[in-house]
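J.: Have a look at the structure that comes next, please.
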Amino acid sequence: MSLFLIVALPFFGALLPGLMNSAGRQACAGVTFTVSLAAFIGLLTNLPAVIAGDLVTARVDWIPALGLNFTLMLDGLGFFFALLILGIGLLIIAYARSYLSRDDNMGEFFTYLLLFQGAMVGIVLSDNILLLLVFWELTSLSSFLLIGYWKHLPEGRQGARMALTVTGMGGLAMIGGMLILGQIVGSYDLSVILQNRDLIQASPLYLPALLLILLGCFTKSAQFPFHFWLPHAMAAPTPVSAYLHSATMVKAGIFLMSRMWPVLSGTPEWFVIVTTAGLITMVLGAIIALFKHDLKALLAFSTVSHLGLITMLLGTGTAFGAMAAMFHILNHATFKAALFMSAGIVDHETHTRDIRRLGGLRHLMPITFTIASIAALSMAGIPPLNGFLSKEMMLEEANHTVLFNSHWFVPGLAVFGSIFSAAYCFRLIGHTFLGKVRDDYPAKPHDPGAGMWLPPAILVVLVITIGVAPFLAEPFVKLVTASVLGDTAEVPKAYFKIWHGLVPALYMSIIATVGGLILLAIYRPALRLWDGTPRPEAKVIFEGLVEAIVRVAKGFIHGMHNGAFSRYGAIMMMTVIIAGYYAWTTGTVGTATRTMQPVTPVVVAGWIMLVAATIGMVFLHRNRLMSLILIGIAGLMVSIGFVFFSAPDLAMTQITVEVVTIILLLLALNFLPNQTPIESTVMRRFRDSAVALAGGLATTVMAYHFLMRDAITAPISEFHLANSYKGGGGTNVVNVILVDFRGFDTFGEIIVLGIAALLIYALTETLLSGPVRARLLNRTPDQPRAGDMHPMMMVVLTRVMMPVVMMVGFYIFLRGHNEPGGGFIAGLVVSIGVVMQYMASGFNWASARLRYPYHGVIGAGVLVAGFTGIGSWFVSKPFLTSDFTYVRIPPFEKFELATAALFDVGVFLAVVGAVMLSLESFSRLARRAQVPDTEHPMDIDPSRSDPPDPALTTAKEGV
Amino acid sequence: MELLVASGIGILTAGGIYLVLRLRTFPVILGISLLTYAVNVFLFASGRLAIGAAPVLIDGAERYTDPLPQALVLTAIVISFGMTAVVVMIALGAFLGSDDDHVDDPAAEDAT
């Protein structure tokens, strides 16, 4: 099966459990199992190629410009990990089916599980380190969802957050490391990177890259000092713990270290950092595990310890160490998953995981006892189980490792850790299953159904098989080792067997086992000593750290972002000043190349009106209605200015926008206070005037400067002028730019406009459904209302005007491509026509005659524009490529048909919809506040026979 | 002519800044509208001033106006309407919700 399919199956399959949720738990688990099984079988179909030593690859260029390609590769190492992920995944799915209770949402659980599975398979099969990073982050995210699956438990949420924070931070560091690595080699493909050992190790950037990548690996694989998140992740449901912490998530770091082994290992830096971290983790984890009373916590710390062991083996940098590491990964995955599942069974049946409350379960749960005991003995390193074999290899390797110039340091600590390791394994068996049967279990324990014990039993069979017949596993482990080593070293010749003769490793094993038994015998005093020793609590430190960071961030953000408009204004102004200063000091000012154009009296008059209106607004702004009139004058002068400077399109747009803006502001003013009281001090006003004058002066100088100079390079407008008719088929260059050359911009703009209108609509809805509604209903208008709000003259006039306005809009639209006009302006004109109906005949009357909701009009506009763009795909052209042709239908003149016109229809519809939706929303607010208006267009209508509503009349008189 | 346009932009800007600094919703909206005019004219002027130039392609025209700033400003005008409408709506909502049309949060005002 293609590698793509193997990776894609879990991701696509993740859609299914949610869909099957209502079909029952069996169907839900069944479909998940099937998906995993399909991927598993797909993986197995590649086994012959892997055994033959071929590199199975699949490649699709994703973003070649960034070096990010979707390339997958399958070698022995990838196959090994994928086998663990999918194989144990299958057992976990079967186990979870029985483990989860009826209250748990099974579809959600399996969706997360499959997402996680897909991400893990992605990591181990990636051939591109950037792609690997993507999957790496996906595992952090999906494990967050899995660990926090029981959302009602605060520990679950905290544990999930901690895991995400730690592994996420590590992931960030790793991104840095991988990018450096890619820079050194010049390629982000793993297969290329792995060939460049000498280049990488000779690079001065080797050490930073190594440190950053190791940071990622250590956080993920819970190595000291980042080991603390793993035990807290135990708040997850047991299947999750068994999956994440035996075979998958925490092994991702180990995987990456193995993957990068050929290029990163073998240097003193690698040796010291990795071996030391592994050694400390191994010993520390083992010691803490012994004194944990929660079964899962014990297993969690034992996992930390074993991960340390594997890391240490990888750190030694020898081929034998790597082989031992690979073998132990396999063995650890089998016995640890079995142990976690057994712990889950105990928890499920007795309703407690506290070892102090257990004991004597041997007779009550014989099957579970057998499974857990064999797995625990294997973990302790007792022959003839698989844990013994790899532990012997570890001790053997430790014996040859010289760290800090000491021959005793590594072996001594390895034995010391092994003693504790053996002790906690014995404690797990002894204190949980052996001893007297108690009568105070929280629930009556008995063995569960086969659904729960079969998956761990399968693993235990493996534990025994590998232990008794290690030659079965040997070729496979050597195959994996060969792909870890790459070309750097030969696969060691050593055979896997139980009896190696009286070698030092055997004595070390015996010391560990006997020491473990002694330690368990003196457990009580040892526990007292442990409890009496003060030690740092990782969770407290972590949370303190997080809180400190949050405080700093809060201080910074609240300082910048305090909700005060003036603060933002000040920040923006400072930025502008600094940027301006920089530009001024680094740039040069050329001499004026243009001459000042002469001024006519009419222009001066226009200028005076603009200036007068602006100054008037500044002085009269407290009278709000007055300032509206003044801003209308300013807008009008700007529009006339556009005409004067040969921009008729702009003038038409400006003048139509002016009309709708004034209507909008009038609607708003209806609610806002009519006057602005004087409240700022004279000093304050003086300061503001100074700031305003400085700003005005600066803009004047800048505008004057560039108006007097030609552009340094020829503007691209030359291209537009030259190609407008030839390429776009229109003589109105501005319109052709809008609908053709820069059609994509326009497309974005109409979407923005639509979003703005929808935002206004949504805000109105929120206001009208909240407390504001009551306030509006009780509000008495502060101005006298007109007795005849909808006078007959106006109603009749607007009705007559409507077809004329529509005609004008249509005309402006049609001529848009060749003469000033177009969709924007036509849309605004038509909107004004419709708004007039609202104003004249009242909201009720007008909206009752509204056949299409404005949301739909906006949507239709965007869709029409979008489909016009997509249409060009059908002729294999890029999005929004336009085409046009000339048609002649007698007796008319020859006219043009352009796809751009269709696009302009979209623009037109979007503009009409957006403007109308905004204004309509405002008037909905207004309606709430006033007396309900009637469905009639006119308040006083002589042709109507029914008498005016007395309530209405009194209400009006009351005002 | 250039000086008139430049000073017009400057005066609109100055008026806009002053009104924005009044920190009550309505003057702020008016101020933003003035600033919008200023910015639009400023953008438009980046095509330089051409009086009596042909805005559309016609035979025999000697010089044309720069169409690109015009196209940019055209959409800017329409978008600025959308923006003004949203700002007005937010201002209205804030005023109707709290009976206060100050732009800054009261807490922040106390602090300053």
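Every chain in the structure tokens takes a letter, A first, then B, and so on in the order presented; its residues are numbered from 1, and the ligands are numbered from 1 following the presented order.
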Distance table requested - chain B against chain A, cut-off 7 Å, only C-alpha atoms: one row per qualifying residue with the closest atom pair and its distance in Å to one decimal, ordered by chain and rising residue number, as a tab-separated table.
T.:
residue	atom	partner	partner_atom	distance
B:Met1	CA	A:Gln597	CA	5.3
B:Glu2	CA	A:Met596	CA	6.2
B:Leu3	CA	A:Tyr704	CA	6.1
B:Ala6	CA	A:Thr700	CA	4.8
B:Ser7	CA	A:Thr700	CA	5.1
B:Gly8	CA	A:Val611	CA	6.9
B:Ile9	CA	A:Thr700	CA	6.3
B:Gly10	CA	A:Gly696	CA	4.1
B:Ile11	CA	A:Gly696	CA	5.7
B:Leu12	CA	A:Thr614	CA	6.4
B:Thr13	CA	A:Gly696	CA	5.1
B:Ala14	CA	A:Gly696	CA	4.3
B:Gly15	CA	A:Val618	CA	6.1
B:Ile17	CA	A:Ala692	CA	5.1
B:Tyr18	CA	A:Ala692	CA	5.2
B:Leu19	CA	A:Val618	CA	6.7
B:Leu21	CA	A:Asp688	CA	6.6
B:Pro27	CA	A:His621	CA	6.7
B:Phe42	CA	A:Ala703	CA	6.8
B:Arg48	CA	A:Leu707	CA	5.7
B:Leu49	CA	A:Phe645	CA	6.1
B:Ala50	CA	A:Phe645	CA	5.4
B:Ile51	CA	A:Phe645	CA	4.8
B:Gly52	CA	A:Ser646	CA	5.8
B:Ala53	CA	A:Ser646	CA	5.9
B:Ala54	CA	A:Ser646	CA	6.8
B:Pro55	CA	A:Ser646	CA	5.9
B:Val56	CA	A:Asn732	CA	4.6
B:Leu57	CA	A:Thr731	CA	4.8
B:Thr65	CA	A:Ser646	CA	6.7
B:Asp66	CA	A:Ser717	CA	6.2
B:Pro67	CA	A:Val734	CA	5.2
B:Leu68	CA	A:Ser717	CA	5.8
B:Gln70	CA	A:Val734	CA	6.5
B:Ala71	CA	A:Val734	CA	5.1
B:Leu74	CA	A:Leu650	CA	5.6
B:Ile77	CA	A:Gln654	CA	6.6
B:Val78	CA	A:Val657	CA	6.9
B:Ile79	CA	A:Leu753	CA	6.2
B:Phe81	CA	A:Thr661	CA	6.7
B:Gly82	CA	A:Leu753	CA	5.8
B:Ala85	CA	A:Ser918	CA	6.9
B:Val86	CA	A:Ile760	CA	5.9
B:Val88	CA	A:Ala668	CA	6.9
B:Met89	CA	A:Ile760	CA	6.3
B:Leu92	CA	A:Ala668	CA	6.8
B:Gly93	CA	A:Leu767	CA	6.6
B:Leu96	CA	A:Val772	CA	6.2
B:Gly97	CA	A:Val772	CA	5.6
B:Val103	CA	A:Phe565	CA	6.2
B:Asp104	CA	A:Ala564	CA	4.3
B:Asp105	CA	A:Ala564	CA	5.6
B:Ala108	CA	A:Ala564	CA	6.0
J.: Quick check, in Å to one decimal: how far apart do atom CA of A:Ala548 and atom CA of A:Thr165 lie?
T.: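 Result for atom CA of A:Ala548 versus atom CA of A:Thr165: 14.6 Å, one decimal.
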J.: Atom CA of A:Thr167 and atom CA of A:Asp127, how far apart in Å?
T.: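 Result for atom CA of A:Asp127 versus atom CA of A:Thr167: 21.7 Å, one decimal.
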J.: Give the answer as one residue: which of A:Val185, A:Val410, A:Met626, A:Ala96 has the shortest atom-to-atom distance to A:Ala29, using only C-alpha atoms?
T.: A:Ala96
J.: Skip A:Gly18 itself and residues of its chain fewer than 2 positions away, then list as a PyMOL selection string all residues within 9 Å of it, counting only C-alpha atoms.
T.: chain A and resi 14-16+20-22+28+106-111
J.: Among chain B, which residues carry a DSSP assignment of alpha helix (DSSP H), reported as a PyMOL selection string?
T.: chain B and resi 2-20+25-45+67-98+106-111
J.: Provide the atom CA of A:Met120 to atom CA of A:Ile374 distance in Å, to one decimal place.
T.: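 Computing it gives 28.5 Å between the two atoms.
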